[in-house]
>>> print(open('work-v4.txt').read())   # compact mmCIF, C-alpha atoms
# COMPACT_ATOMS: atom_id res chain seq x y z
CA MET A 22 12.92 -13.14 17.29
CA LYS A 23 15.37 -11.25 15.16
CA THR A 24 15.46 -7.95 13.30
CA HIS A 25 17.93 -6.76 10.70
CA THR A 26 18.13 -3.30 9.11
CA ASP A 27 19.90 -2.33 5.94
CA TYR A 28 19.80 0.50 3.42
CA LEU A 29 20.09 0.64 -0.35
CA TYR A 30 21.33 3.74 -2.13
CA MET A 31 19.93 4.83 -5.49
CA ASN A 32 21.11 7.52 -7.88
CA THR A 33 19.36 7.24 -11.23
CA ARG A 34 20.76 8.85 -14.38
CA GLU A 35 17.29 9.68 -15.62
CA GLU A 36 14.82 11.93 -13.83
CA LYS A 37 12.19 9.19 -13.95
CA GLY A 38 12.75 5.46 -14.11
CA ILE A 39 12.01 2.03 -12.72
CA VAL A 40 14.80 -0.11 -11.25
CA ASN A 41 14.59 -3.79 -10.31
CA ILE A 42 15.99 -4.21 -6.76
CA THR A 43 14.97 -7.84 -6.15
CA SER A 44 18.52 -9.21 -6.00
CA GLU A 45 19.63 -6.52 -3.54
CA VAL A 46 16.66 -7.24 -1.26
CA THR A 47 17.28 -10.99 -1.55
CA ALA A 48 20.91 -10.48 -0.46
CA ILE A 49 19.79 -8.51 2.61
CA VAL A 50 17.25 -11.18 3.57
CA ASP A 51 20.00 -13.84 3.21
CA LYS A 52 22.33 -11.78 5.38
CA SER A 53 19.63 -11.28 8.05
CA GLY A 54 19.43 -15.01 8.81
CA VAL A 55 15.63 -14.69 9.13
CA LYS A 56 13.90 -17.89 7.96
CA GLU A 57 10.23 -17.07 8.68
CA GLY A 58 9.05 -13.50 8.74
CA LEU A 59 8.50 -10.25 6.86
CA ALA A 60 10.73 -7.70 5.15
CA LEU A 61 9.65 -4.09 4.83
CA VAL A 62 11.12 -2.42 1.72
CA SER A 63 10.37 1.29 1.91
CA ALA A 64 11.53 4.36 0.00
CA MET A 65 12.79 7.06 2.40
CA HIS A 66 11.76 9.81 -0.01
CA ILE A 67 8.44 11.39 -0.90
CA THR A 68 9.06 11.44 -4.64
CA ALA A 69 9.84 7.73 -5.06
CA ALA A 70 7.97 4.43 -4.79
CA ILE A 71 8.46 0.73 -4.12
CA PHE A 72 6.12 -1.70 -5.83
CA ILE A 73 5.92 -5.28 -7.02
CA ASN A 74 5.27 -6.26 -10.61
CA ASP A 75 6.83 -7.88 -13.66
CA GLU A 76 10.39 -7.62 -15.07
CA GLU A 77 9.43 -6.82 -18.66
CA PRO A 78 10.66 -3.68 -20.45
CA GLY A 79 7.31 -2.97 -22.12
CA ILE A 80 5.31 -2.96 -18.92
CA LYS A 81 7.90 -0.72 -17.23
CA GLN A 82 7.45 1.79 -20.06
CA ASP A 83 3.66 1.42 -19.66
CA PHE A 84 4.00 2.20 -15.95
CA LEU A 85 5.97 5.38 -16.62
CA GLU A 86 3.49 6.57 -19.25
CA TRP A 87 0.56 5.74 -16.96
CA ALA A 88 2.14 7.71 -14.12
CA GLU A 89 2.50 10.64 -16.49
CA LYS A 90 -1.13 10.36 -17.56
CA LEU A 91 -2.59 10.20 -14.02
CA ALA A 92 -0.16 12.62 -12.37
CA PRO A 93 1.35 14.73 -15.15
CA GLN A 94 4.52 16.75 -14.83
CA GLY A 95 3.74 20.44 -15.28
CA PRO A 96 3.82 23.89 -13.77
CA ASN A 97 0.41 24.00 -12.12
CA TYR A 98 1.00 22.58 -8.67
CA HIS A 99 0.48 24.61 -5.49
CA HIS A 100 3.62 22.92 -4.19
CA HIS A 101 5.61 24.95 -6.71
CA ARG A 102 4.99 28.15 -4.74
CA THR A 103 7.84 26.90 -2.55
CA GLY A 104 10.20 27.02 -5.54
CA GLU A 105 9.99 23.27 -6.08
CA THR A 106 9.14 21.89 -9.52
CA ASN A 107 8.39 18.26 -8.61
CA GLY A 108 4.72 18.31 -7.57
CA ASP A 109 3.96 15.49 -9.99
CA ALA A 110 6.60 13.27 -8.34
CA HIS A 111 4.82 13.53 -4.96
CA LEU A 112 1.54 12.37 -6.53
CA LYS A 113 3.29 9.55 -8.38
CA SER A 114 4.87 8.37 -5.10
CA VAL A 115 1.39 8.02 -3.59
CA LEU A 116 -0.06 6.41 -6.74
CA PHE A 117 2.53 3.61 -6.73
CA HIS A 118 2.85 3.56 -2.91
CA HIS A 119 6.21 4.02 -1.22
CA GLU A 120 6.63 0.57 0.31
CA VAL A 121 5.93 -3.15 0.19
CA ILE A 122 6.02 -5.94 2.75
CA VAL A 123 7.60 -9.10 1.45
CA PRO A 124 6.93 -12.51 3.04
CA ILE A 125 9.93 -14.71 3.91
CA THR A 126 9.37 -18.48 4.06
CA LYS A 127 12.18 -21.01 4.62
CA GLY A 128 14.70 -18.20 4.23
CA LYS A 129 13.49 -17.10 0.78
CA LEU A 130 11.24 -14.35 -0.57
CA ASP A 131 7.91 -16.18 -0.88
CA PHE A 132 6.92 -14.86 -4.30
CA GLY A 133 4.69 -15.93 -7.15
CA PRO A 134 6.30 -16.81 -10.51
CA TRP A 135 6.55 -13.26 -11.89
CA GLN A 136 6.86 -11.07 -8.82
CA GLN A 137 9.84 -8.73 -8.68
CA ILE A 138 10.50 -5.67 -6.48
CA PHE A 139 10.90 -2.29 -8.17
CA TYR A 140 12.08 1.13 -7.13
CA GLY A 141 10.13 3.86 -8.92
CA GLU A 142 12.08 7.10 -9.19
CA PHE A 143 10.10 10.20 -10.13
CA ASP A 144 12.61 12.92 -9.26
CA GLY A 145 16.04 11.42 -9.66
CA ARG A 146 19.59 12.33 -10.60
CA ARG A 147 20.51 12.49 -6.90
CA LYS A 148 21.30 10.12 -4.09
CA LYS A 149 18.32 8.51 -2.44
CA ARG A 150 17.82 5.80 0.12
CA ILE A 151 15.64 2.72 0.66
CA ILE A 152 15.28 0.98 4.04
CA VAL A 153 15.00 -2.81 4.19
CA LYS A 154 13.88 -3.98 7.63
CA VAL A 155 13.68 -7.74 8.17
CA MET A 156 11.85 -9.23 11.17
CA GLY A 157 11.14 -12.82 12.11
CA GLU A 158 12.51 -16.12 13.37
CA ASP A 159 15.98 -17.36 12.53
CA SER A 160 15.21 -21.05 12.85
CA MET B 16 7.06 -15.33 18.82
CA LYS B 17 5.19 -17.37 16.26
CA THR B 18 4.72 -17.36 12.51
CA HIS B 19 2.17 -19.21 10.42
CA THR B 20 1.96 -19.37 6.62
CA ASP B 21 -0.98 -20.40 4.51
CA TYR B 22 -2.16 -19.97 0.93
CA LEU B 23 -5.55 -19.31 -0.63
CA TYR B 24 -6.33 -20.40 -4.17
CA MET B 25 -8.55 -18.34 -6.46
CA ASN B 26 -10.02 -19.16 -9.85
CA THR B 27 -12.64 -16.61 -10.88
CA ARG B 28 -15.22 -17.35 -13.56
CA GLU B 29 -15.08 -13.77 -14.83
CA GLU B 30 -11.99 -12.09 -16.23
CA LYS B 31 -12.38 -9.23 -13.75
CA GLY B 32 -14.04 -9.34 -10.37
CA ILE B 33 -13.85 -8.59 -6.66
CA VAL B 34 -14.08 -11.42 -4.13
CA ASN B 35 -14.53 -11.06 -0.36
CA ILE B 36 -11.90 -13.23 1.39
CA THR B 37 -12.43 -12.02 4.97
CA SER B 38 -13.76 -15.32 6.31
CA GLU B 39 -10.89 -17.30 4.76
CA VAL B 40 -8.31 -14.93 6.28
CA THR B 41 -10.11 -15.05 9.65
CA ALA B 42 -9.93 -18.87 9.60
CA ILE B 43 -6.18 -18.78 8.96
CA VAL B 44 -5.62 -16.28 11.78
CA ASP B 45 -7.65 -18.55 14.11
CA LYS B 46 -5.60 -21.56 13.06
CA SER B 47 -2.32 -19.68 13.59
CA GLY B 48 -2.96 -19.25 17.31
CA VAL B 49 -1.51 -15.72 17.14
CA LYS B 50 -3.24 -13.43 19.64
CA GLU B 51 -1.32 -10.17 19.14
CA GLY B 52 0.37 -9.43 15.85
CA LEU B 53 0.04 -8.79 12.14
CA ALA B 54 -1.16 -10.78 9.14
CA LEU B 55 0.18 -10.05 5.67
CA VAL B 56 -2.38 -10.88 2.95
CA SER B 57 -0.65 -10.60 -0.42
CA ALA B 58 -1.54 -11.57 -3.99
CA MET B 59 1.24 -13.66 -5.54
CA HIS B 60 0.37 -12.38 -9.03
CA ILE B 61 1.07 -9.14 -10.84
CA THR B 62 -2.42 -8.80 -12.31
CA ALA B 63 -4.37 -9.04 -9.03
CA ALA B 64 -4.81 -6.95 -5.88
CA ILE B 65 -5.69 -7.19 -2.21
CA PHE B 66 -7.46 -4.25 -0.62
CA ILE B 67 -9.78 -3.36 2.23
CA ASN B 68 -13.15 -1.73 1.76
CA ASP B 69 -16.88 -2.31 2.12
CA GLU B 70 -19.02 -5.41 1.35
CA GLU B 71 -21.66 -3.67 -0.75
CA PRO B 72 -22.46 -4.75 -4.34
CA GLY B 73 -22.77 -1.18 -5.65
CA ILE B 74 -19.36 -0.06 -4.46
CA LYS B 75 -17.74 -3.21 -5.87
CA GLN B 76 -19.23 -2.34 -9.26
CA ASP B 77 -17.98 1.24 -8.80
CA PHE B 78 -14.48 -0.10 -8.10
CA LEU B 79 -14.45 -2.17 -11.29
CA GLU B 80 -15.68 0.75 -13.40
CA TRP B 81 -13.16 3.09 -11.78
CA ALA B 82 -10.34 0.63 -12.50
CA GLU B 83 -11.47 0.56 -16.12
CA LYS B 84 -11.52 4.36 -16.28
CA LEU B 85 -8.06 4.90 -14.78
CA ALA B 86 -6.36 1.89 -16.37
CA PRO B 87 -8.46 0.90 -19.39
CA GLN B 88 -8.29 -2.43 -21.11
CA GLY B 89 -7.14 -1.98 -24.70
CA PRO B 90 -4.56 -2.80 -27.33
CA ASN B 91 -2.12 0.05 -26.81
CA TYR B 92 0.27 -1.23 -24.18
CA HIS B 93 3.99 -1.74 -24.83
CA HIS B 94 3.66 -4.90 -22.78
CA HIS B 95 1.62 -6.42 -25.61
CA ARG B 96 4.71 -6.66 -27.82
CA THR B 97 5.44 -9.82 -25.80
CA GLY B 98 2.19 -11.35 -27.05
CA GLU B 99 0.38 -10.61 -23.78
CA THR B 100 -2.95 -8.78 -23.83
CA ASN B 101 -3.27 -7.90 -20.13
CA GLY B 102 -1.32 -4.63 -19.80
CA ASP B 103 -4.30 -2.99 -18.11
CA ALA B 104 -4.36 -5.70 -15.42
CA HIS B 105 -0.78 -4.86 -14.38
CA LEU B 106 -1.71 -1.20 -13.91
CA LYS B 107 -4.88 -2.11 -12.01
CA SER B 108 -2.81 -4.31 -9.67
CA VAL B 109 -0.65 -1.31 -8.78
CA LEU B 110 -3.65 1.06 -8.50
CA PHE B 111 -5.36 -1.14 -5.89
CA HIS B 112 -2.07 -2.40 -4.39
CA HIS B 113 -1.31 -6.10 -4.15
CA GLU B 114 -1.29 -6.52 -0.37
CA VAL B 115 -2.58 -5.41 3.01
CA ILE B 116 -1.36 -5.85 6.57
CA VAL B 117 -4.11 -6.69 9.00
CA PRO B 118 -3.75 -6.08 12.75
CA ILE B 119 -4.60 -8.94 15.14
CA THR B 120 -5.70 -8.03 18.67
CA LYS B 121 -6.88 -10.60 21.25
CA GLY B 122 -6.90 -13.23 18.51
CA LYS B 123 -9.24 -11.32 16.17
CA LEU B 124 -8.82 -9.12 13.09
CA ASP B 125 -8.84 -5.64 14.65
CA PHE B 126 -11.13 -3.97 12.12
CA GLY B 127 -13.47 -1.01 12.03
CA PRO B 128 -17.20 -1.63 11.57
CA TRP B 129 -17.20 -1.90 7.76
CA GLN B 130 -13.75 -3.19 6.90
CA GLN B 131 -13.59 -6.35 4.81
CA ILE B 132 -10.69 -7.86 2.82
CA PHE B 133 -11.07 -8.20 -0.95
CA TYR B 134 -9.22 -9.97 -3.71
CA GLY B 135 -9.30 -7.94 -6.92
CA GLU B 136 -8.89 -10.10 -10.00
CA PHE B 137 -8.04 -8.29 -13.23
CA ASP B 138 -6.96 -11.21 -15.42
CA GLY B 139 -8.80 -14.26 -14.15
CA ARG B 140 -10.26 -17.52 -15.32
CA ARG B 141 -7.18 -19.36 -14.09
CA LYS B 142 -5.75 -20.58 -10.81
CA LYS B 143 -4.05 -17.94 -8.71
CA ARG B 144 -2.64 -17.81 -5.23
CA ILE B 145 -2.67 -15.51 -2.18
CA ILE B 146 -0.21 -15.83 0.72
CA VAL B 147 -1.39 -15.18 4.28
CA LYS B 148 1.54 -14.84 6.66
CA VAL B 149 0.70 -14.37 10.34
CA MET B 150 3.32 -13.20 12.84
CA GLY B 151 3.04 -12.35 16.53
CA GLU B 152 2.58 -13.63 20.06
CA ASP B 153 0.43 -16.64 20.91
CA SER B 154 -0.44 -15.57 24.43
CA MET C 2 9.22 -9.82 21.38
CA LYS C 3 6.71 -7.17 22.28
CA THR C 4 3.49 -5.78 20.82
CA HIS C 5 1.66 -2.61 21.73
CA THR C 6 -1.72 -1.45 20.42
CA ASP C 7 -3.16 2.02 20.56
CA TYR C 8 -5.89 4.00 18.80
CA LEU C 9 -6.10 7.59 17.59
CA TYR C 10 -9.44 9.35 17.24
CA MET C 11 -10.12 11.84 14.45
CA ASN C 12 -13.04 14.18 13.91
CA THR C 13 -12.30 16.67 11.15
CA ARG C 14 -14.27 19.90 10.80
CA GLU C 15 -14.12 19.71 7.01
CA GLU C 16 -15.60 16.91 4.94
CA LYS C 17 -12.24 16.37 3.23
CA GLY C 18 -8.80 17.12 4.61
CA ILE C 19 -5.30 15.94 5.33
CA VAL C 20 -4.00 15.83 8.92
CA ASN C 21 -0.39 15.27 10.01
CA ILE C 22 -0.34 12.55 12.70
CA THR C 23 3.42 12.02 12.95
CA SER C 24 3.77 13.31 16.50
CA GLU C 25 0.88 11.16 17.75
CA VAL C 26 2.41 8.05 16.16
CA THR C 27 5.84 8.95 17.54
CA ALA C 28 4.37 9.20 21.06
CA ILE C 29 2.80 5.74 20.73
CA VAL C 30 6.07 4.23 19.51
CA ASP C 31 7.86 5.85 22.49
CA LYS C 32 5.27 4.46 24.88
CA SER C 33 5.54 0.96 23.37
CA GLY C 34 9.18 0.60 24.39
CA VAL C 35 9.93 -1.13 21.06
CA LYS C 36 13.46 -0.34 19.88
CA GLU C 37 13.68 -2.42 16.69
CA GLY C 38 10.56 -3.30 14.75
CA LEU C 39 7.59 -2.11 12.75
CA ALA C 40 4.51 0.01 13.44
CA LEU C 41 1.32 -0.49 11.44
CA VAL C 42 -0.70 2.73 11.16
CA SER C 43 -4.06 1.88 9.63
CA ALA C 44 -7.35 3.74 9.17
CA MET C 45 -10.25 1.68 10.52
CA HIS C 46 -12.64 3.23 8.00
CA ILE C 47 -13.27 2.68 4.32
CA THR C 48 -13.50 6.36 3.43
CA ALA C 49 -10.15 7.44 4.90
CA ALA C 50 -6.46 6.86 4.16
CA ILE C 51 -3.04 6.82 5.78
CA PHE C 52 -0.07 7.81 3.64
CA ILE C 53 3.42 9.22 3.90
CA ASN C 54 4.52 12.41 2.21
CA ASP C 55 5.64 15.98 2.85
CA GLU C 56 4.43 18.55 5.42
CA GLU C 57 3.90 21.43 2.99
CA PRO C 58 0.54 23.22 2.62
CA GLY C 59 0.76 23.46 -1.18
CA ILE C 60 1.30 19.76 -1.74
CA LYS C 61 -1.54 18.91 0.65
CA GLN C 62 -3.83 21.08 -1.47
CA ASP C 63 -2.47 19.37 -4.60
CA PHE C 64 -3.29 15.98 -3.06
CA LEU C 65 -6.90 16.97 -2.37
CA GLU C 66 -7.36 18.36 -5.88
CA TRP C 67 -5.75 15.28 -7.41
CA ALA C 68 -8.07 13.01 -5.39
CA GLU C 69 -11.00 15.02 -6.72
CA LYS C 70 -9.74 14.70 -10.29
CA LEU C 71 -9.17 10.93 -10.20
CA ALA C 72 -12.16 10.02 -8.01
CA PRO C 73 -14.61 12.92 -8.26
CA GLN C 74 -17.41 13.55 -5.83
CA GLY C 75 -20.76 13.29 -7.60
CA PRO C 76 -24.11 11.54 -7.83
CA ASN C 77 -23.27 8.76 -10.27
CA TYR C 78 -22.05 5.93 -8.06
CA HIS C 79 -23.83 2.56 -7.83
CA HIS C 80 -23.07 2.72 -4.11
CA HIS C 81 -25.58 5.54 -3.81
CA ARG C 82 -28.48 3.14 -4.41
CA THR C 83 -28.03 2.30 -0.73
CA GLY C 84 -28.82 5.89 0.21
CA GLU C 85 -25.14 6.73 0.75
CA THR C 86 -23.59 9.75 -0.96
CA ASN C 87 -19.90 9.03 -0.38
CA GLY C 88 -18.95 6.73 -3.27
CA ASP C 89 -16.04 9.00 -4.15
CA ALA C 90 -14.62 8.68 -0.61
CA HIS C 91 -14.36 4.88 -0.99
CA LEU C 92 -12.36 5.27 -4.21
CA LYS C 93 -10.13 7.93 -2.66
CA SER C 94 -9.42 5.60 0.28
CA VAL C 95 -8.11 2.97 -2.14
CA LEU C 96 -6.19 5.52 -4.23
CA PHE C 97 -4.19 6.76 -1.21
CA HIS C 98 -4.23 3.35 0.54
CA HIS C 99 -5.57 2.96 4.05
CA GLU C 100 -2.36 2.07 5.88
CA VAL C 101 1.41 2.34 6.14
CA ILE C 102 4.07 0.31 7.89
CA VAL C 103 6.69 2.43 9.59
CA PRO C 104 10.15 1.09 10.45
CA ILE C 105 11.46 1.61 14.01
CA THR C 106 15.24 1.69 14.51
CA LYS C 107 16.91 2.46 17.85
CA GLY C 108 13.52 3.44 19.23
CA LYS C 109 12.78 6.08 16.58
CA LEU C 110 10.74 6.20 13.36
CA ASP C 111 13.39 5.46 10.75
CA PHE C 112 12.38 8.11 8.23
CA GLY C 113 14.03 10.06 5.43
CA PRO C 114 14.40 13.84 5.82
CA TRP C 115 10.91 14.82 4.62
CA GLN C 116 8.74 11.86 5.51
CA GLN C 117 5.67 12.56 7.63
CA ILE C 118 2.56 10.44 8.29
CA PHE C 119 -0.82 11.79 7.16
CA TYR C 120 -4.43 10.90 7.75
CA GLY C 121 -6.52 11.54 4.65
CA GLU C 122 -10.17 12.15 5.47
CA PHE C 123 -12.62 11.95 2.58
CA ASP C 124 -15.92 11.77 4.46
CA GLY C 125 -15.41 13.56 7.73
CA ARG C 126 -17.25 15.60 10.32
CA ARG C 127 -17.66 12.52 12.50
CA LYS C 128 -15.56 10.46 14.87
CA LYS C 129 -13.20 8.02 13.24
CA ARG C 130 -10.44 5.76 14.45
CA ILE C 131 -6.87 4.80 13.50
CA ILE C 132 -5.09 1.74 14.89
CA VAL C 133 -1.37 1.92 15.64
CA LYS C 134 0.08 -1.55 16.26
CA VAL C 135 3.76 -1.71 17.22
CA MET C 136 5.70 -4.97 17.11
CA GLY C 137 9.37 -5.73 17.73
CA GLU C 138 12.17 -6.02 20.26
CA ASP C 139 12.41 -3.84 23.33
CA SER C 140 16.18 -4.01 23.68
>>> encode(input="work-v4.txt", output="structure tokens")
Amino acid sequence: MKTHTDYLYMNTREEKGIVNITSEVTAIVDKSGVKEGLALVSAMHITAAIFINDEEPGIKQDFLEWAEKLAPQGPNYHHHRTGETNGDAHLKSVLFHHEVIVPITKGKLDFGPWQQIFYGEFDGRRKKRIIVKVMGEDS
Amino acid sequence: MKTHTDYLYMNTREEKGIVNITSEVTAIVDKSGVKEGLALVSAMHITAAIFINDEEPGIKQDFLEWAEKLAPQGPNYHHHRTGETNGDAHLKSVLFHHEVIVPITKGKLDFGPWQQIFYGEFDGRRKKRIIVKVMGEDS
Amino acid sequence: MKTHTDYLYMNTREEKGIVNITSEVTAIVDKSGVKEGLALVSAMHITAAIFINDEEPGIKQDFLEWAEKLAPQGPNYHHHRTGETNGDAHLKSVLFHHEVIVPITKGKLDFGPWQQIFYGEFDGRRKKRIIVKVMGEDS
């Protein structure tokens, strides 16, 4: 049994956005040498998300607008009594979920035809971190 | 340490529906021989979900109506510029999440009294696939 | 490779609430002896959730109000034909998701600065259970 841990660093130009990180995760899985197992891909922040969907600009825009509809940015969060202004980003992180587990089969991400891994940033313009933890058999 | 990989194939008659897959997952866990570990159950499509809840017809209907309320089917998705018509199904996949991790203890799914595993189909009437990846100790 | 299984018991005084269980999970990970691996933390009930966010009273109140907005308590659930009255709690369990996977690195939860683990209770005032399943290498 083998484990491998790596980190990705994000710093989006926009406050909110969706970034495809599939190739970065693939490179870490390759480096790990794990052939059969699982990779945890998890945002280390409470205002960001990791989720799996489709690499298509329209649907990414739909996701951002949907997030805004279900967890709108605005002044009326109790969290803002602390001086923070990002209450909506906490809710969005939970809505999209902060992590995924990716199956690894024969050394590759075992994905369906359209599956890609995305980082959802809801309070960006600063350095953030994602953990990728790979666990499994190397032969 | 042991891993075992299997796939389930779905092809729902309805466009949207919720299917109990607990017995199929149980059979795969039995076949794997894993006694202590985890099973990833993950939809390989971006318009479907895997989630855990209750086998009760009323709540399944409630789930479908809730999905429709929070992520309604309709024409106004950016994704539809590609010619697709299933923007809502992508959002529903994220709302319900596309995967679960199931604990295995003494060779059995270690579940509470009401927990069952469901496949949520939001754009069906065609063949789709679920991966079940089991990992753990066989004794 | 090593696995370790433990259970936490919850019995909230309020019907709905959010409880920080980070120290209990940390103690189980310590006890497991696993140094590199993953811990599944999963509610064994279909009206509860496990999620990761921030230990701040305001945001916890925001989460409860948001849950009420997106999956309101009320009489109009099909599930209630069974005599149950907790249809909303089932939807809230799915909204927040019933489980997380926590990475373990060098024997510690490998978390970002603000990440904490929460139990979300949506139909409380009775004994409920959480499974914590740790899997990985002990050296």
>>> residues_around(input="work-v4.txt", residues="region 25-36 of chain C", least_positions_apart="4", cutoff="10 Å", atoms="all atoms listed in the file", output="PDB file with C-alpha atoms, keeping the file's coordinate frame")
ATOM      1  CA  MET C   2       9.220  -9.820  21.380  1.00  0.00           C
ATOM      2  CA  LYS C   3       6.710  -7.170  22.280  1.00  0.00           C
ATOM      3  CA  THR C   4       3.490  -5.780  20.820  1.00  0.00           C
ATOM      4  CA  HIS C   5       1.660  -2.610  21.730  1.00  0.00           C
ATOM      5  CA  THR C   6      -1.720  -1.450  20.420  1.00  0.00           C
ATOM      6  CA  ASP C   7      -3.160   2.020  20.560  1.00  0.00           C
ATOM      7  CA  TYR C   8      -5.890   4.000  18.800  1.00  0.00           C
ATOM      8  CA  LEU C   9      -6.100   7.590  17.590  1.00  0.00           C
ATOM      9  CA  ASN C  21      -0.390  15.270  10.010  1.00  0.00           C
ATOM     10  CA  ALA C  40       4.510   0.010  13.440  1.00  0.00           C
ATOM     11  CA  LEU C  41       1.320  -0.490  11.440  1.00  0.00           C
ATOM     12  CA  VAL C  42      -0.700   2.730  11.160  1.00  0.00           C
ATOM     13  CA  VAL C 103       6.690   2.430   9.590  1.00  0.00           C
ATOM     14  CA  ILE C 105      11.460   1.610  14.010  1.00  0.00           C
ATOM     15  CA  THR C 106      15.240   1.690  14.510  1.00  0.00           C
ATOM     16  CA  LYS C 107      16.910   2.460  17.850  1.00  0.00           C
ATOM     17  CA  GLY C 108      13.520   3.440  19.230  1.00  0.00           C
ATOM     18  CA  LYS C 109      12.780   6.080  16.580  1.00  0.00           C
ATOM     19  CA  LEU C 110      10.740   6.200  13.360  1.00  0.00           C
ATOM     20  CA  ILE C 118       2.560  10.440   8.290  1.00  0.00           C
ATOM     21  CA  ILE C 132      -5.090   1.740  14.890  1.00  0.00           C
ATOM     22  CA  VAL C 133      -1.370   1.920  15.640  1.00  0.00           C
ATOM     23  CA  LYS C 134       0.080  -1.550  16.260  1.00  0.00           C
ATOM     24  CA  VAL C 135       3.760  -1.710  17.220  1.00  0.00           C
ATOM     25  CA  MET C 136       5.700  -4.970  17.110  1.00  0.00           C
ATOM     26  CA  GLY C 137       9.370  -5.730  17.730  1.00  0.00           C
ATOM     27  CA  GLU C 138      12.170  -6.020  20.260  1.00  0.00           C
ATOM     28  CA  ASP C 139      12.410  -3.840  23.330  1.00  0.00           C
ATOM     29  CA  SER C 140      16.180  -4.010  23.680  1.00  0.00           C
TER      30      SER C 140
END
>>> atom_distance(input="work-v4.txt", atom1="CA of Asn26 (chain B)", atom2="CA of Gly135 (chain B)")
11.6 Å
>>> closest_residue(input="work-v4.txt", among="A:Leu85, A:Val115, A:Ile67, A:Val121", to="Glu36 (chain A)", atoms="all atoms listed in the file")
A:Leu85
>>> axis_aligned_box(input="work-v4.txt", around="region 85-94 of chain A", padding_each_side="4 Å", output="AutoDock Vina command-line options")
--center_x 1.7 --center_y 11.1 --center_z -15.8 --size_x 16.6 --size_y 19.4 --size_z 14.9
>>> interface_residues(input="work-v4.txt", of="chain A", to="chain C", cutoff="6 Å", atoms="all atoms listed in the file", output="list in words")
Met65, His66, Ile67, His99 and His100 of chain A
>>> residues_around(input="work-v4.txt", residues="Gly145 (chain A)", least_positions_apart="4", cutoff="10 Å", atoms="only C-alpha atoms", output="mmCIF file with C-alpha atoms, in the frame of the given file")
data_model
loop_
_atom_site.group_PDB
_atom_site.id
_atom_site.type_symbol
_atom_site.label_atom_id
_atom_site.label_comp_id
_atom_site.auth_asym_id
_atom_site.auth_seq_id
_atom_site.Cartn_x
_atom_site.Cartn_y
_atom_site.Cartn_z
ATOM 1 C CA MET A 31 19.930 4.830 -5.490
ATOM 2 C CA ASN A 32 21.110 7.520 -7.880
ATOM 3 C CA THR A 33 19.360 7.240 -11.230
ATOM 4 C CA ARG A 34 20.760 8.850 -14.380
ATOM 5 C CA GLU A 35 17.290 9.680 -15.620
ATOM 6 C CA GLU A 36 14.820 11.930 -13.830
ATOM 7 C CA LYS A 37 12.190 9.190 -13.950
ATOM 8 C CA GLY A 38 12.750 5.460 -14.110
ATOM 9 C CA THR A 68 9.060 11.440 -4.640
ATOM 10 C CA ALA A 69 9.840 7.730 -5.060
ATOM 11 C CA ALA A 110 6.600 13.270 -8.340
ATOM 12 C CA GLY A 141 10.130 3.860 -8.920
ATOM 13 C CA LYS A 149 18.320 8.510 -2.440
#
>>> closest_residue(input="work-v4.txt", among="B:Arg141, B:Ser57, B:Ile65, B:Thr100", to="Ile33 (chain B)", atoms="only C-alpha atoms")
B:Ile65
>>> atom_distance(input="work-v4.txt", atom1="CA of Glu100 (chain C)", atom2="CA of Phe119 (chain C)")
9.9 Å
>>> closest_residue(input="work-v4.txt", among="A:Ile151, A:Thr43, A:Pro93, A:Glu142", to="Ser114 (chain A)", atoms="only C-alpha atoms")
A:Glu142
>>> atom_distance(input="work-v4.txt", atom1="CA of Ala50 (chain C)", atom2="CA of Asp89 (chain C)")
12.9 Å
